$ cat protein-v5.cif   # mmCIF, C-alpha atoms
data_my_file
#
loop_
_atom_site.label_atom_id
_atom_site.label_comp_id
_atom_site.auth_asym_id
_atom_site.auth_seq_id
_atom_site.Cartn_x
_atom_site.Cartn_y
_atom_site.Cartn_z
CA MET P 9 13.93 -32.43 -10.69
CA ARG P 10 13.59 -31.75 -6.98
CA THR P 11 16.81 -29.72 -6.97
CA LEU P 12 15.63 -27.71 -9.93
CA ALA P 13 12.31 -27.03 -8.19
CA VAL P 14 14.08 -25.82 -5.04
CA ILE P 15 16.42 -23.59 -7.06
CA ALA P 16 13.44 -22.14 -8.93
CA LEU P 17 11.64 -21.52 -5.65
CA VAL P 18 14.65 -19.77 -4.11
CA LEU P 19 15.17 -17.62 -7.19
CA ALA P 20 11.51 -16.69 -7.24
CA THR P 21 11.67 -15.61 -3.60
CA LEU P 22 14.81 -13.52 -3.80
CA PRO P 23 14.40 -9.88 -4.78
CA GLY P 24 17.41 -10.23 -7.04
CA CYS P 25 20.18 -7.77 -7.63
CA VAL P 26 18.83 -4.81 -9.52
CA GLN P 27 21.22 -2.41 -11.16
CA LEU P 28 19.43 0.87 -11.60
CA PRO P 29 20.29 2.89 -14.70
CA ALA P 30 22.32 5.97 -13.77
CA ARG P 31 19.49 8.43 -14.44
CA VAL P 32 17.15 6.44 -12.18
CA ALA P 33 19.73 5.93 -9.45
CA GLU P 34 20.35 9.67 -9.40
CA VAL P 35 16.73 10.50 -8.52
CA VAL P 36 16.12 7.56 -6.22
CA GLN P 37 19.29 7.15 -4.23
CA GLN P 38 20.60 10.66 -3.70
CA PRO P 39 18.76 13.04 -1.41
CA ASP P 40 18.94 16.74 -2.19
CA PRO P 41 21.19 18.79 0.06
CA ALA P 42 19.37 20.88 2.68
CA PRO P 43 17.98 23.51 3.01
CA ARG P 44 15.99 23.37 -0.25
CA ASN P 45 14.65 20.07 0.97
CA ASN P 46 11.16 19.50 2.37
CA PHE P 47 12.24 16.29 4.01
CA LEU P 48 15.48 16.98 5.81
CA ARG P 49 16.05 19.11 8.85
CA GLU P 50 17.99 22.20 7.88
CA PRO P 51 21.55 22.03 9.21
CA THR P 52 21.94 23.75 12.51
CA PRO P 53 23.97 26.96 11.93
CA THR P 54 27.36 26.84 13.55
CA PRO P 55 27.42 29.35 16.41
CA ALA P 56 29.73 32.26 15.72
CA TRP P 57 31.65 31.62 18.87
CA THR P 58 32.66 28.07 17.95
CA THR P 59 35.98 27.67 16.20
CA ALA P 60 36.73 25.28 13.39
CA ASN P 61 38.17 22.63 15.71
CA GLY P 62 35.16 22.81 18.02
CA ALA P 63 36.77 24.79 20.80
CA THR P 64 34.66 27.53 22.28
CA ALA P 65 35.96 31.00 21.66
CA ALA P 66 35.36 34.02 23.88
CA ARG P 67 32.10 35.82 23.02
CA MET D 25 7.21 -26.24 0.32
CA ALA D 26 5.55 -29.45 1.59
CA ARG D 27 4.39 -30.31 -1.91
CA LEU D 28 8.03 -30.46 -3.05
CA LEU D 29 8.88 -33.20 -0.57
CA PRO D 30 8.08 -36.79 -1.51
CA ALA D 31 5.95 -38.84 0.88
CA ARG D 32 7.72 -41.62 2.74
CA PRO D 33 6.89 -44.99 1.20
CA GLY D 34 4.37 -47.07 3.10
CA ARG D 35 3.33 -44.19 5.30
CA SER D 36 0.23 -42.09 4.85
CA ARG D 37 0.63 -38.32 5.09
CA ARG D 38 -3.09 -37.72 5.44
CA PRO D 39 -3.24 -37.41 9.28
CA ALA D 40 -0.41 -34.85 9.25
CA ILE D 41 -2.09 -32.84 6.49
CA LEU D 42 -5.37 -32.89 8.40
CA LEU D 43 -3.63 -31.73 11.57
CA VAL D 44 -1.89 -28.89 9.74
CA ALA D 45 -5.16 -27.85 8.08
CA LEU D 46 -7.01 -27.96 11.40
CA ALA D 47 -4.27 -26.00 13.16
CA SER D 48 -4.24 -23.31 10.49
CA LEU D 49 -8.05 -23.12 10.54
CA LEU D 50 -8.11 -22.76 14.31
CA GLY D 51 -5.16 -20.38 14.19
CA GLY D 52 -6.94 -18.18 11.67
CA CYS D 53 -10.04 -17.99 13.83
CA ALA D 54 -8.08 -17.44 17.00
CA THR D 55 -6.25 -14.41 15.64
CA LEU D 56 -9.34 -12.56 14.43
CA GLY D 57 -11.83 -10.45 16.34
CA PRO D 58 -11.72 -7.40 18.58
CA ALA D 59 -9.62 -9.18 21.21
CA HIS D 60 -6.78 -9.64 18.71
CA PHE D 61 -7.03 -6.44 16.68
CA ARG D 62 -6.23 -2.99 18.07
CA THR D 63 -8.75 -1.56 15.61
CA TRP D 64 -11.89 -3.60 15.05
CA GLN D 65 -14.72 -1.17 14.31
CA VAL D 66 -17.86 -2.69 12.84
CA GLU D 67 -20.18 0.00 11.52
CA GLY D 68 -22.46 -1.87 9.11
CA THR D 69 -25.74 -3.43 10.12
CA ALA D 70 -26.83 -6.98 9.42
CA ASP D 71 -29.90 -7.81 7.32
CA ASP D 72 -31.29 -10.78 5.40
CA ALA D 73 -28.62 -10.44 2.70
CA THR D 74 -25.65 -10.41 5.05
CA VAL D 75 -23.62 -13.14 6.65
CA LEU D 76 -22.02 -12.44 10.00
CA PHE D 77 -18.28 -13.13 9.94
CA GLN D 78 -16.66 -12.50 13.32
CA GLY D 79 -19.45 -9.98 13.92
CA ILE D 80 -18.92 -8.20 10.58
CA PRO D 81 -22.00 -8.08 8.33
CA VAL D 82 -20.47 -9.24 5.04
CA ARG D 83 -22.17 -9.67 1.69
CA THR D 84 -21.24 -10.28 -1.93
CA GLY D 85 -20.19 -7.16 -3.81
CA GLN D 86 -18.60 -5.32 -0.89
CA ILE D 87 -15.35 -3.47 -1.56
CA VAL D 88 -12.20 -3.97 0.51
CA VAL D 89 -9.44 -1.38 0.52
CA SER D 90 -6.11 -1.69 2.26
CA GLU D 91 -2.76 -0.08 2.92
CA GLN D 92 0.49 -1.67 4.08
CA GLY D 93 2.38 1.36 5.32
CA SER D 94 5.44 0.03 3.51
CA PRO D 95 7.98 1.91 1.35
CA ASN D 96 6.40 0.30 -1.71
CA SER D 97 2.98 1.62 -0.66
CA LEU D 98 4.39 5.11 -0.28
CA PHE D 99 6.09 4.85 -3.68
CA LEU D 100 2.76 3.92 -5.29
CA SER D 101 1.05 6.80 -3.47
CA LEU D 102 3.64 9.30 -4.67
CA LEU D 103 3.06 8.27 -8.29
CA VAL D 104 -0.33 9.95 -8.16
CA ALA D 105 -0.93 13.71 -8.05
CA GLU D 106 -3.65 13.51 -5.38
CA LYS D 107 -3.14 12.08 -1.94
CA HIS D 108 -4.97 8.88 -1.11
CA ARG D 109 -5.19 6.74 1.98
CA TYR D 110 -5.33 3.29 0.42
CA VAL D 111 -3.27 1.66 -2.32
CA HIS D 112 -5.02 -1.70 -2.74
CA THR D 113 -8.56 -2.93 -3.28
CA GLY D 114 -10.58 -6.06 -4.00
CA ILE D 115 -14.12 -7.46 -4.09
CA LEU D 116 -15.79 -9.59 -1.43
CA VAL D 117 -17.81 -12.63 -2.51
CA ILE D 118 -19.68 -14.95 -0.15
CA GLU D 119 -19.11 -18.55 -1.12
CA GLU D 120 -20.73 -21.36 0.86
CA GLY D 121 -21.20 -18.94 3.71
CA ARG D 122 -17.54 -17.85 3.75
CA PRO D 123 -16.35 -14.36 2.77
CA MET D 124 -13.66 -14.52 0.08
CA VAL D 125 -11.64 -11.60 -1.27
CA TYR D 126 -10.99 -11.52 -5.01
CA GLU D 127 -8.05 -9.32 -5.92
CA ALA D 128 -5.59 -8.58 -8.70
CA ASN D 129 -2.20 -9.02 -7.14
CA GLY D 130 1.29 -8.62 -8.56
CA HIS D 131 4.66 -9.42 -7.06
CA MET D 132 8.28 -9.18 -8.11
CA GLN D 133 10.22 -12.12 -9.41
CA ALA D 134 13.97 -12.20 -9.11
CA SER D 135 15.38 -9.45 -11.28
CA PHE D 136 18.97 -8.94 -12.30
CA GLY D 137 20.72 -6.23 -14.26
CA SER D 138 19.13 -2.96 -15.27
CA ARG D 139 15.99 -4.14 -17.01
CA PRO D 140 12.85 -2.33 -15.84
CA LEU D 141 11.35 -3.84 -12.70
CA THR D 142 7.90 -3.89 -14.32
CA ARG D 143 9.12 -6.70 -16.60
CA SER D 144 9.75 -8.84 -13.52
CA VAL D 145 6.29 -8.39 -12.03
CA VAL D 146 4.12 -11.50 -12.20
CA GLY D 147 0.77 -12.44 -10.74
CA GLY D 148 -2.88 -11.94 -11.51
CA MET D 149 -6.29 -12.67 -10.10
CA ARG D 150 -6.41 -14.62 -6.89
CA ARG D 151 -8.87 -15.43 -4.13
CA LEU D 152 -8.23 -15.58 -0.41
CA GLU D 153 -10.23 -15.78 2.79
CA LEU D 154 -11.29 -12.46 4.30
CA GLY D 155 -9.67 -13.57 7.55
CA THR D 156 -6.34 -14.00 5.75
CA PHE D 157 -6.75 -10.62 4.05
CA LEU D 158 -7.38 -8.97 7.44
CA THR D 159 -4.24 -10.43 8.96
CA ARG D 160 -1.97 -9.84 5.96
CA ASN D 161 -2.68 -6.13 5.54
CA ARG D 162 -1.88 -3.38 8.01
CA PHE D 163 -4.93 -1.13 7.53
CA ILE D 164 -8.16 -2.46 6.06
CA ALA D 165 -11.58 -0.93 5.45
CA LEU D 166 -14.70 -2.62 4.13
CA TYR D 167 -17.41 -0.72 2.23
CA ASP D 168 -20.85 -1.47 0.83
CA PRO D 169 -21.21 -0.80 -2.90
CA PRO D 170 -23.72 1.89 -3.93
CA PRO D 171 -27.37 0.81 -3.48
CA VAL D 172 -27.87 0.68 -7.26
CA ALA D 173 -25.26 -2.06 -7.59
CA ASP D 174 -26.26 -5.55 -8.67
CA ARG D 175 -24.14 -7.38 -6.14
CA GLN D 176 -24.57 -10.82 -7.68
CA ARG D 177 -23.24 -9.54 -11.00
CA ILE D 178 -20.26 -7.99 -9.22
CA GLY D 179 -19.56 -11.35 -7.60
CA GLN D 180 -19.98 -13.20 -10.88
CA PHE D 181 -17.52 -10.86 -12.59
CA ALA D 182 -14.98 -11.58 -9.83
CA ARG D 183 -15.41 -15.34 -10.21
CA ASP D 184 -15.21 -15.11 -14.02
CA SER D 185 -12.02 -13.02 -13.81
CA LEU D 186 -10.38 -15.62 -11.59
CA ALA D 187 -11.55 -18.45 -13.83
CA ALA D 188 -10.17 -16.62 -16.88
CA GLY D 189 -6.82 -16.22 -15.09
CA LEU D 190 -6.53 -12.49 -15.81
CA PRO D 191 -2.85 -11.55 -15.37
CA PHE D 192 -1.67 -8.55 -13.34
CA ASP D 193 -1.01 -5.31 -15.20
CA ALA D 194 2.15 -3.72 -13.83
CA TYR D 195 1.81 -0.89 -16.36
CA PHE D 196 -1.54 0.39 -15.02
CA ASP D 197 -2.94 0.45 -18.54
CA ARG D 198 -6.70 0.47 -18.11
CA SER D 199 -7.29 0.62 -21.86
CA ASP D 200 -6.49 -3.10 -21.98
CA PRO D 201 -8.87 -5.10 -19.73
CA SER D 202 -7.16 -8.39 -20.58
CA LYS D 203 -4.65 -7.48 -17.84
CA VAL D 204 -5.77 -5.76 -14.67
CA TYR D 205 -4.30 -3.91 -11.72
CA CYS D 206 -6.11 -4.00 -8.40
CA SER D 207 -8.37 -0.95 -8.67
CA GLU D 208 -8.96 -1.58 -12.37
CA PHE D 209 -10.33 -5.02 -11.49
CA THR D 210 -12.56 -3.63 -8.73
CA ALA D 211 -13.79 -0.84 -11.03
CA LEU D 212 -14.60 -3.37 -13.78
CA ALA D 213 -16.44 -5.58 -11.28
CA LEU D 214 -18.49 -2.62 -10.04
CA ALA D 215 -19.20 -1.57 -13.63
CA ALA D 216 -20.47 -5.10 -14.31
CA GLY D 217 -22.86 -4.50 -11.44
CA GLY D 218 -24.16 -1.28 -12.98
CA VAL D 219 -22.09 1.17 -10.93
CA ALA D 220 -20.98 4.36 -12.74
CA PRO D 221 -17.34 4.41 -13.94
CA ALA D 222 -14.81 5.34 -11.29
CA ARG D 223 -13.00 8.65 -11.31
CA THR D 224 -9.37 8.56 -12.42
CA SER D 225 -6.46 10.49 -10.95
CA PRO D 226 -3.59 11.92 -13.02
CA LEU D 227 -0.04 10.86 -12.31
CA THR D 228 2.15 13.30 -10.45
CA PRO D 229 3.92 16.09 -12.38
CA ASN D 230 7.01 15.39 -10.26
CA ALA D 231 10.10 15.35 -12.48
CA SER D 232 11.99 12.60 -10.63
CA VAL D 233 8.98 10.28 -10.76
CA ALA D 234 8.78 10.93 -14.51
CA VAL D 235 12.34 9.57 -14.84
CA ILE D 236 11.35 6.41 -12.98
CA LEU D 237 8.10 5.95 -14.92
CA ASP D 238 10.05 6.30 -18.15
CA TRP D 239 12.43 3.56 -17.04
CA LEU D 240 9.52 1.37 -15.90
CA GLU D 241 7.85 1.89 -19.31
CA ILE D 242 4.68 3.16 -17.65
CA THR D 243 3.00 5.52 -20.08
CA THR D 244 -0.51 5.78 -18.67
CA PRO D 245 -1.55 9.38 -17.90
CA ASP D 246 -3.76 8.36 -14.97
CA ILE D 247 -4.86 5.53 -12.74
CA ILE D 248 -8.01 4.59 -10.86
CA PRO D 249 -7.20 5.27 -7.21
CA PRO D 250 -8.77 2.73 -4.81
CA GLU D 251 -10.40 5.59 -2.94
CA ALA D 252 -12.36 6.61 -6.04
CA LEU D 253 -14.21 3.31 -5.68
CA ILE D 254 -15.46 4.05 -2.17
CA GLU D 255 -16.38 7.70 -2.55
CA ASN D 256 -19.87 8.22 -1.11
CA ALA D 257 -19.94 4.55 -0.07
CA ASN D 258 -20.92 3.44 3.42
CA ARG D 259 -18.16 1.98 5.52
CA VAL D 260 -18.93 -1.39 7.06
CA GLY D 261 -15.79 -1.80 9.10
CA LEU D 262 -12.28 -0.63 9.86
CA PHE D 263 -9.55 -3.00 10.98
CA SER D 264 -5.90 -3.10 12.01
CA ARG D 265 -4.19 -5.79 13.99
CA ASP D 266 -1.32 -3.69 15.32
CA ASP D 267 -2.48 -0.05 15.20
CA THR D 268 -5.08 1.76 17.28
CA PRO D 269 -7.65 3.93 15.47
CA ALA D 270 -5.58 7.01 16.41
CA GLN D 271 -2.38 5.42 15.11
CA MET D 272 -4.18 4.54 11.92
CA GLU D 273 -5.38 8.13 11.52
CA ALA D 274 -1.88 9.38 12.35
CA TYR D 275 -0.37 7.16 9.67
CA PHE D 276 -2.76 8.56 7.07
CA ALA D 277 -1.90 12.10 8.25
CA VAL D 278 1.82 11.26 7.94
CA LYS D 279 1.26 9.99 4.44
CA ALA D 280 -0.72 13.12 3.53
CA GLU D 281 2.03 15.35 4.91
CA LEU D 282 4.74 13.49 2.97
CA HIS D 283 2.59 13.83 -0.13
CA ARG D 284 2.12 17.57 0.51
CA ARG D 285 5.88 18.04 0.85
CA PHE D 286 6.62 15.96 -2.24
CA THR D 287 6.37 18.97 -4.51
CA PRO D 288 7.18 18.75 -8.25
CA ASP D 289 10.81 19.77 -7.68
CA GLN D 290 11.49 17.13 -5.01
CA LYS D 291 13.56 14.06 -5.69
CA LEU D 292 12.09 10.71 -4.81
CA GLY D 293 15.44 10.04 -3.18
CA ASN D 294 14.51 12.55 -0.48
CA VAL D 295 11.77 10.20 0.68
CA LEU D 296 12.89 6.73 -0.35
CA ARG D 297 16.16 5.02 -1.09
CA PHE D 298 16.60 1.98 -3.25
CA SER D 299 18.74 -0.96 -2.29
CA SER D 300 19.62 -3.35 -5.08
CA LEU D 301 18.94 -6.32 -2.81
CA ARG D 302 16.15 -5.05 -0.58
CA GLY D 303 14.20 -2.72 -2.85
CA PHE D 304 12.70 0.52 -1.55
CA ARG D 305 13.41 1.72 1.98
CA PHE D 306 12.40 4.92 3.77
CA GLN D 307 15.07 7.57 4.07
CA PRO D 308 16.16 7.72 7.74
CA GLU D 309 14.62 11.18 8.33
CA VAL D 310 11.29 10.03 6.92
CA GLU D 311 11.37 6.82 8.94
CA SER D 312 12.12 8.77 12.15
CA PHE D 313 9.16 11.06 11.45
CA MET D 314 6.86 8.08 10.87
CA THR D 315 8.03 6.34 14.02
CA ALA D 316 7.66 9.51 16.10
CA ALA D 317 4.07 9.96 14.89
CA HIS D 318 3.25 6.31 15.56
CA VAL D 319 4.64 6.45 19.09
CA ALA D 320 2.97 9.77 19.92
CA ALA D 321 -0.38 8.62 18.50
CA ALA D 322 -0.55 5.87 21.13
CA ASP D 323 -1.82 8.66 23.43
CA TRP D 324 -4.11 10.35 20.90
CA ASP D 325 -7.17 8.12 21.29
CA THR D 326 -9.42 10.98 22.36
CA LEU D 327 -8.35 13.37 19.58
CA SER D 328 -10.39 14.15 16.48
CA ALA D 329 -9.00 13.43 12.99
CA THR D 330 -8.42 17.18 12.53
CA ALA D 331 -6.48 17.43 15.79
CA ILE D 332 -4.37 14.39 14.85
CA ASP D 333 -3.60 15.96 11.48
CA GLN D 334 -2.49 19.20 13.18
CA ARG D 335 -0.24 17.32 15.58
CA VAL D 336 1.32 15.32 12.75
CA ARG D 337 2.04 18.53 10.83
CA ALA D 338 3.66 20.02 13.92
CA LEU D 339 5.74 16.87 14.31
CA ALA D 340 6.77 17.11 10.65
CA ALA D 341 7.95 20.69 11.17
CA GLU D 342 9.97 19.54 14.17
CA GLN D 343 11.42 16.43 12.52
CA LEU D 344 11.77 17.45 8.89
CA GLY D 345 11.96 21.22 9.08
CA LEU D 346 9.41 23.90 8.30
CA PHE D 347 7.52 23.53 5.06
CA ASP D 348 6.73 26.77 3.29
CA PRO D 349 4.42 26.38 0.26
CA GLY D 350 5.29 29.98 -0.71
CA GLN D 351 8.95 29.08 -1.14
CA VAL D 352 7.96 26.09 -3.24
CA ALA D 353 5.92 28.35 -5.51
CA GLN D 354 8.99 30.58 -5.95
CA ARG D 355 11.19 27.59 -6.77
CA THR D 356 8.80 25.90 -9.16
CA GLY D 357 6.80 28.80 -10.57
CA GLY D 358 3.57 27.21 -9.36
CA PRO D 359 1.71 26.41 -6.15
CA ALA D 360 2.64 23.45 -4.00
CA LEU D 361 0.17 20.64 -4.63
#

$ encode --input "protein-v5.cif" --output "structure tokens"
Amino acid sequence: MRTLAVIALVLATLPGCVQLPARVAEVVQQPDPAPRNNFLREPTPTPAWTTANGATAAR
Amino acid sequence: MARLLPARPGRSRRPAILLVALASLLGGCATLGPAHFRTWQVEGTADDATVLFQGIPVRTGQIVVSEQGSPNSLFLSLLVAEKHRYVHTGILVIEEGRPMVYEANGHMQASFGSRPLTRSVVGGMRRLELGTFLTRNRFIALYDPPPVADRQRIGQFARDSLAAGLPFDAYFDRSDPSKVYCSEFTALALAAGGVAPARTSPLTPNASVAVILDWLEITTPDIIPPEALIENANRVGLFSRDDTPAQMEAYFAVKAELHRRFTPDQKLGNVLRFSSLRGFRFQPEVESFMTAAHVAAADWDTLSATAIDQRVRALAAEQLGLFDPGQVAQRTGGPAL
């Protein structure tokens, strides 16, 4: 009985493992891409003088 | 936990229980008061009907409102179209000289699989010491009910609700008073005391929230916001153990700004993320903004509420990007709320 009570207590305390339905997960877990977003900083534009590998090109 | 352990044979547990009770009693007293709270503003005045509790003039029928500042609190706030400071409320009743808070409280049981979380919410009416309520919540305010209120009837309704074991209503359905959510209970208690019905607030028109409400099987069109219960009421006190008055004001400004930016086309996932094991969490950008406001507000003690709000908005622009209500209107075909 004591073991059962402890198991019940532990189970009642754990938040569990919730599997969100796909439609719910889509709106809760995925942020929108910037810049339409009101909550994310817009990505800093890459300066024209920076090349794809990060090297600085002549202005 | 102690109640699960059997007592040792031939040995009384009474002295230990008494010591624990005494320690918790002393501990509770020792952690209350202006010396232990960064915000401890008492604004009410004592009279023949009040009892002084740690310098607070308390009386039966007063309304407590609170806010945790947690992701769950923000989620509840974003369910409603209007912005509100507080998400929880209860009724104060003086019993044998001690202030007790009666509240409708729900909590999650273990939940597995994809069944709606609302089906795993349990709880109902409960009663706790005001001192416990003050230490368990992050921001707390205490209000007098309107002068017309019959405070004894309010208190009696609270006691009757606890005695009846009213369960918690995770579906916010106020058409069924046999189950109650926090502000529904407080509104019913005030109504029992002759106070006019509380204003309701419609749920948000946000599309992503509609998806979640559909999954949670919440069909109510509106709820009673805790703030509707204290409109035009006189504040008796304002309390926070860890936040200064300016930090408290800054938090409410942060919450208002997040609410303003949570326009109908925004996804809840821009503000909160959901972990299957840990529940709701703030998105990192939102958490950084909140932390920045909290840290900056430590130096805002001399600022007015308006000035704090302006600084929080400036911080939001810096941390989250500029917010242009005009662009939102173009995107959604309507004004930003």

$ resolve_selection --input "protein-v5.cif" --expression "the PyMOL selection byres ((chain D) within 6 of (chain P))" --output "ChimeraX atom specification"
/D:133-138,232,236,285,291-294,297-298,300-301,344-345

$ resolve_selection --input "protein-v5.cif" --expression "the PyMOL selection byres ((chain D and resi 262) around 8)" --output "CSV table (one decimal) with C-alpha atoms, keeping the file's coordinate frame"
chain,number,residue,atom,x,y,z
D,63,THR,CA,-8.8,-1.6,15.6
D,64,TRP,CA,-11.9,-3.6,15.0
D,65,GLN,CA,-14.7,-1.2,14.3
D,66,VAL,CA,-17.9,-2.7,12.8
D,163,PHE,CA,-4.9,-1.1,7.5
D,164,ILE,CA,-8.2,-2.5,6.1
D,165,ALA,CA,-11.6,-0.9,5.4
D,166,LEU,CA,-14.7,-2.6,4.1
D,259,ARG,CA,-18.2,2.0,5.5
D,260,VAL,CA,-18.9,-1.4,7.1
D,261,GLY,CA,-15.8,-1.8,9.1
D,263,PHE,CA,-9.6,-3.0,11.0
D,264,SER,CA,-5.9,-3.1,12.0

$ resolve_selection --input "protein-v5.cif" --expression "the PyMOL selection byres ((chain D and resi 86) around 6)" --output "number ranges by chain"
D: 84-85, 87, 115-116, 167-169

$ closest_residue --input "protein-v5.cif" --among "D:Trp324, D:Phe157, D:Phe313, D:Phe61" --to "Ala338 of chain D" --atoms "only C-alpha atoms"
D:Phe313

$ atom_distance --input "protein-v5.cif" --atom1 "atom CA of Gly189 of chain D" --atom2 "atom CA of Gly147 of chain D"
9.5 Å

$ atom_distance --input "protein-v5.cif" --atom1 "atom CA of Leu186 of chain D" --atom2 "atom CA of Pro226 of chain D"
28.4 Å

$ atom_distance --input "protein-v5.cif" --atom1 "atom CA of Thr142 of chain D" --atom2 "atom CA of Asp238 of chain D"
11.1 Å

$ residues_near_point --input "protein-v5.cif" --point "(-4.3, 10.3, 7.2)" --cutoff "10 Å" --atoms "only C-alpha atoms" --output "compact mmCIF listing (two decimals) with C-alpha atoms, keeping the file's coordinate frame"
# COMPACT_ATOMS: atom_id res chain seq x y z
CA LYS D 107 -3.14 12.08 -1.94
CA HIS D 108 -4.97 8.88 -1.11
CA ARG D 109 -5.19 6.74 1.98
CA TYR D 110 -5.33 3.29 0.42
CA ALA D 270 -5.58 7.01 16.41
CA GLN D 271 -2.38 5.42 15.11
CA MET D 272 -4.18 4.54 11.92
CA GLU D 273 -5.38 8.13 11.52
CA ALA D 274 -1.88 9.38 12.35
CA TYR D 275 -0.37 7.16 9.67
CA PHE D 276 -2.76 8.56 7.07
CA ALA D 277 -1.90 12.10 8.25
CA VAL D 278 1.82 11.26 7.94
CA LYS D 279 1.26 9.99 4.44
CA ALA D 280 -0.72 13.12 3.53
CA GLU D 281 2.03 15.35 4.91
CA ALA D 329 -9.00 13.43 12.99
CA THR D 330 -8.42 17.18 12.53
CA ILE D 332 -4.37 14.39 14.85
CA ASP D 333 -3.60 15.96 11.48
CA VAL D 336 1.32 15.32 12.75

$ closest_residue --input "protein-v5.cif" --among "D:Cys206, D:Pro229, D:Ala215, D:Glu311" --to "Arg177 of chain D" --atoms "only C-alpha atoms"
D:Ala215

$ residues_near_point --input "protein-v5.cif" --point "(-7.5, -2.2, -10.1)" --cutoff "10 Å" --atoms "all atoms listed in the file" --output "PyMOL selection string"
chain D and resi 111-114+127-129+192-193+196-198+203-213+247-250+253

$ closest_residue --input "protein-v5.cif" --among "D:Glu91, D:Glu309, D:Glu153, D:Asp267" --to "Val295 of chain D" --atoms "only C-alpha atoms"
D:Glu309
